[in-house]
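Enquirer: Structure provided below as structure tokens; questions to follow.
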Amino acid sequence: MTEQGCPVCGLESAQVTRERLLNFSVSCHQCGEFLIPADALQNAKSGRQDERWRVSAWIRQMQPDVLTSDLLDQARQCRPPRLQQRARRLLSALAANADAKYTVVFEEGDQYKQYLAIGWCRDDEELRFLIDQVMHVEYQWIGQVQESQFMGSMVPLDSCSLSAKGLLEIESTPGGDSKIGFCAMWFDETLTPFYREVIEPGVRACGYDSLLLKDKEHNNNIDDEIIASIRSAKFVIAEMTGHRGGVYFEAGFAHGLGLPVIYMLRDDDQEDIHFDVRQQNFILWPSDPAKWPEARKKLENRIRATLGQGPLDPHRT
């Protein structure tokens, strides 16, 4: 069974299809694609009109696997990002859809509505303001804006072109909408059980994917792969046990990019910690595996306190 109309933003061209286990699949130009249980579907439909744009933007940014009622409540309580963050997200989206000359054409229809949610815009006029006044005039990330001859429900602009300054800005922005927590740690087999039982499930429980480089298939030089993986991460967990120089480098590189770094250390290895990071708030964990659940809980609390609950389903396979 398929019905029209997005339960979140109300876009009439969206399709809602009933799936198994009382879940519904939503495909919307503005909100994106997601699954939503029946109770959350009714919850979304009953939401206030003046908060729909914010919920839609939150879904676009977080991209949850399943939009539950709890996540809906979280979306309604969220605050929009700062104007510069909104502009940067929109810049990345425009670059992804640009042609070989870095020009984006806004075609008639609802496809351009994705930019409303990406830029956290209430309506077409705010989208026009963000592209023309903020990104074109103020930041000069947009080199040219072609005004549309239509107004109202039509496309707010005909086209825009990204400038060299805008392309360089994209390259300098780390993290973005990544769902990855990169783990920097000593590749010693004695630490593997701790990673498997504490770090990996702890990151997953918080709605993110944990990346340990030795688990990743790649053909690149290992140093290049480390740098590329950190650049694509949302945050970094620096497990400092063993005090390997590579882990110190990876934590410092993440700091330089402006990424959050969460430090961990086995509690019997504190004497040799380097003075440069002694002031950091370490999560100390015991060598006794029977006490690891407490360490995992501390890690989950730190991730949520730093970044909030991520968008991925903690029970995904």
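Chain labels run A, B, ... following the order of the structure tokens; each chain numbers its residues from 1, and ligands are numbered from 1 in the order shown.
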I want to know what sits within 12 Å of Glu19 of chain A, based on only C-alpha atoms, with residues of the same chain fewer than 6 positions away left out; could you give that as a PyMOL selection string?

Expert: chain A and resi 1-2+25-26+34-38

Enquirer: If we count only C-alpha atoms, what is near Gly5 of chain A at a cut-off of 8 Å, once residues fewer than 2 positions away on the same chain are taken out, given as a list in words?

Expert: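 Once the adjacent positions are removed, what remains is Glu3, Pro7, Gly10, Leu11, Glu12, Ser13, Ala14, Gln15 and Val16 of chain A.
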
Enquirer: Could you write out that same residue set with all heavy atoms as a PDB file, in the first residue's frame?

Expert:
ATOM      1  N   GLU A   3       0.851   5.604  -0.211  1.00  0.00           N
ATOM      2  CA  GLU A   3       0.074   6.829  -0.128  1.00  0.00           C
ATOM      3  C   GLU A   3       0.986   8.020  -0.356  1.00  0.00           C
ATOM      4  O   GLU A   3       2.205   7.919  -0.258  1.00  0.00           O
ATOM      5  CB  GLU A   3      -0.621   6.947   1.229  1.00  0.00           C
ATOM      6  CG  GLU A   3       0.323   6.926   2.419  1.00  0.00           C
ATOM      7  CD  GLU A   3      -0.418   6.984   3.746  1.00  0.00           C
ATOM      8  OE1 GLU A   3      -0.836   5.916   4.233  1.00  0.00           O
ATOM      9  OE2 GLU A   3      -0.564   8.111   4.268  1.00  0.00           O
ATOM     10  N   PRO A   7       4.777  12.495   6.034  1.00  0.00           N
ATOM     11  CA  PRO A   7       4.198  12.732   7.367  1.00  0.00           C
ATOM     12  C   PRO A   7       4.959  13.788   8.160  1.00  0.00           C
ATOM     13  O   PRO A   7       4.430  14.311   9.140  1.00  0.00           O
ATOM     14  CB  PRO A   7       4.297  11.361   8.040  1.00  0.00           C
ATOM     15  CG  PRO A   7       5.450  10.692   7.356  1.00  0.00           C
ATOM     16  CD  PRO A   7       5.391  11.162   5.930  1.00  0.00           C
ATOM     17  N   GLY A  10       5.112  17.306   4.997  1.00  0.00           N
ATOM     18  CA  GLY A  10       3.858  17.516   4.287  1.00  0.00           C
ATOM     19  C   GLY A  10       3.996  17.627   2.782  1.00  0.00           C
ATOM     20  O   GLY A  10       3.004  17.903   2.087  1.00  0.00           O
ATOM     21  N   LEU A  11       5.189  17.410   2.219  1.00  0.00           N
ATOM     22  CA  LEU A  11       5.380  17.510   0.769  1.00  0.00           C
ATOM     23  C   LEU A  11       4.513  16.476   0.059  1.00  0.00           C
ATOM     24  O   LEU A  11       4.626  15.270   0.302  1.00  0.00           O
ATOM     25  CB  LEU A  11       6.854  17.297   0.430  1.00  0.00           C
ATOM     26  CG  LEU A  11       7.286  17.666  -0.991  1.00  0.00           C
ATOM     27  CD1 LEU A  11       7.128  19.162  -1.235  1.00  0.00           C
ATOM     28  CD2 LEU A  11       8.732  17.241  -1.234  1.00  0.00           C
ATOM     29  N   GLU A  12       3.635  16.948  -0.834  1.00  0.00           N
ATOM     30  CA  GLU A  12       2.623  16.078  -1.430  1.00  0.00           C
ATOM     31  C   GLU A  12       3.215  15.039  -2.373  1.00  0.00           C
ATOM     32  O   GLU A  12       2.637  13.968  -2.572  1.00  0.00           O
ATOM     33  CB  GLU A  12       1.585  16.925  -2.171  1.00  0.00           C
ATOM     34  CG  GLU A  12       0.736  17.786  -1.247  1.00  0.00           C
ATOM     35  CD  GLU A  12      -0.319  18.564  -1.998  1.00  0.00           C
ATOM     36  OE1 GLU A  12      -0.384  18.418  -3.241  1.00  0.00           O
ATOM     37  OE2 GLU A  12      -1.080  19.302  -1.352  1.00  0.00           O
ATOM     38  N   SER A  13       4.367  15.324  -2.982  1.00  0.00           N
ATOM     39  CA  SER A  13       4.951  14.377  -3.934  1.00  0.00           C
ATOM     40  C   SER A  13       5.656  13.204  -3.257  1.00  0.00           C
ATOM     41  O   SER A  13       6.051  12.247  -3.924  1.00  0.00           O
ATOM     42  CB  SER A  13       5.951  15.100  -4.845  1.00  0.00           C
ATOM     43  OG  SER A  13       7.020  15.649  -4.081  1.00  0.00           O
ATOM     44  N   ALA A  14       5.836  13.257  -1.944  1.00  0.00           N
ATOM     45  CA  ALA A  14       6.504  12.170  -1.218  1.00  0.00           C
ATOM     46  C   ALA A  14       5.648  10.912  -1.244  1.00  0.00           C
ATOM     47  O   ALA A  14       4.413  10.977  -1.296  1.00  0.00           O
ATOM     48  CB  ALA A  14       6.775  12.585   0.219  1.00  0.00           C
ATOM     49  N   GLN A  15       6.300   9.761  -1.193  1.00  0.00           N
ATOM     50  CA  GLN A  15       5.606   8.473  -1.188  1.00  0.00           C
ATOM     51  C   GLN A  15       5.845   7.752   0.137  1.00  0.00           C
ATOM     52  O   GLN A  15       6.977   7.699   0.625  1.00  0.00           O
ATOM     53  CB  GLN A  15       6.076   7.598  -2.344  1.00  0.00           C
ATOM     54  CG  GLN A  15       5.672   8.126  -3.718  1.00  0.00           C
ATOM     55  CD  GLN A  15       5.917   7.113  -4.819  1.00  0.00           C
ATOM     56  OE1 GLN A  15       6.645   6.143  -4.627  1.00  0.00           O
ATOM     57  NE2 GLN A  15       5.302   7.324  -5.953  1.00  0.00           N
ATOM     58  N   VAL A  16       4.769   7.204   0.676  1.00  0.00           N
ATOM     59  CA  VAL A  16       4.837   6.443   1.924  1.00  0.00           C
ATOM     60  C   VAL A  16       4.325   5.041   1.629  1.00  0.00           C
ATOM     61  O   VAL A  16       3.180   4.861   1.216  1.00  0.00           O
ATOM     62  CB  VAL A  16       3.991   7.101   3.033  1.00  0.00           C
ATOM     63  CG1 VAL A  16       4.105   6.304   4.324  1.00  0.00           C
ATOM     64  CG2 VAL A  16       4.418   8.544   3.247  1.00  0.00           C
TER      65      VAL A  16
END

Enquirer: At a cut-off of 12 Å, using only C-alpha atoms, what residues contact Ala93 of chain A? Leave out same-chain residues fewer than 2 positions from it and give the result as a VMD selection string.

Expert: chain A and resid 60 to 61 86 to 91 95 to 98 102 104 112 114 to 119 162 166 to 167 170 176 to 177

Enquirer: Identify which of the residues A:Leu157, A:Val277, A:Phe253, A:Glu138 lies closest to Glu125 of chain A, counting only C-alpha atoms when measuring atom-to-atom distances.

Expert: A:Leu157

Enquirer: Nearest residue to Ala164 of chain A out of A:Ala44, A:Met135, A:Ile142, A:Cys9, using only C-alpha atoms?

Expert: A:Ile142

Enquirer: Quote the spacing between atom CA of Arg302 of chain A and atom CA of Glu225 of chain A in Å to one decimal place.

Expert: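 Going from atom CA of Arg302 of chain A over to atom CA of Glu225 of chain A, I get 26.6 Å.
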
Enquirer: Leaving out Asp123 of chain A and any residue of its chain fewer than 3 positions from it, which residues lie within 10 Å of it when counting only C-alpha atoms, given as a PyMOL selection string?

Expert: chain A and resi 53+113+116-117+120+126-128+153+156

Enquirer: Would you work out the distance separating atom CA of His136 of chain A from atom CA of Cys160 of chain A, expressed in Å to one decimal?

Expert: 9.2 Å

Enquirer: In terms of the shortest atom-to-atom distance over only C-alpha atoms, which of A:Ile59, A:Leu265, A:Gly32, A:Glu250 is closest to Asp224 of chain A?

Expert: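 Of A:Ile59, A:Leu265, A:Gly32, A:Glu250, the one nearest Asp224 of chain A is A:Glu250, counting only C-alpha atoms.
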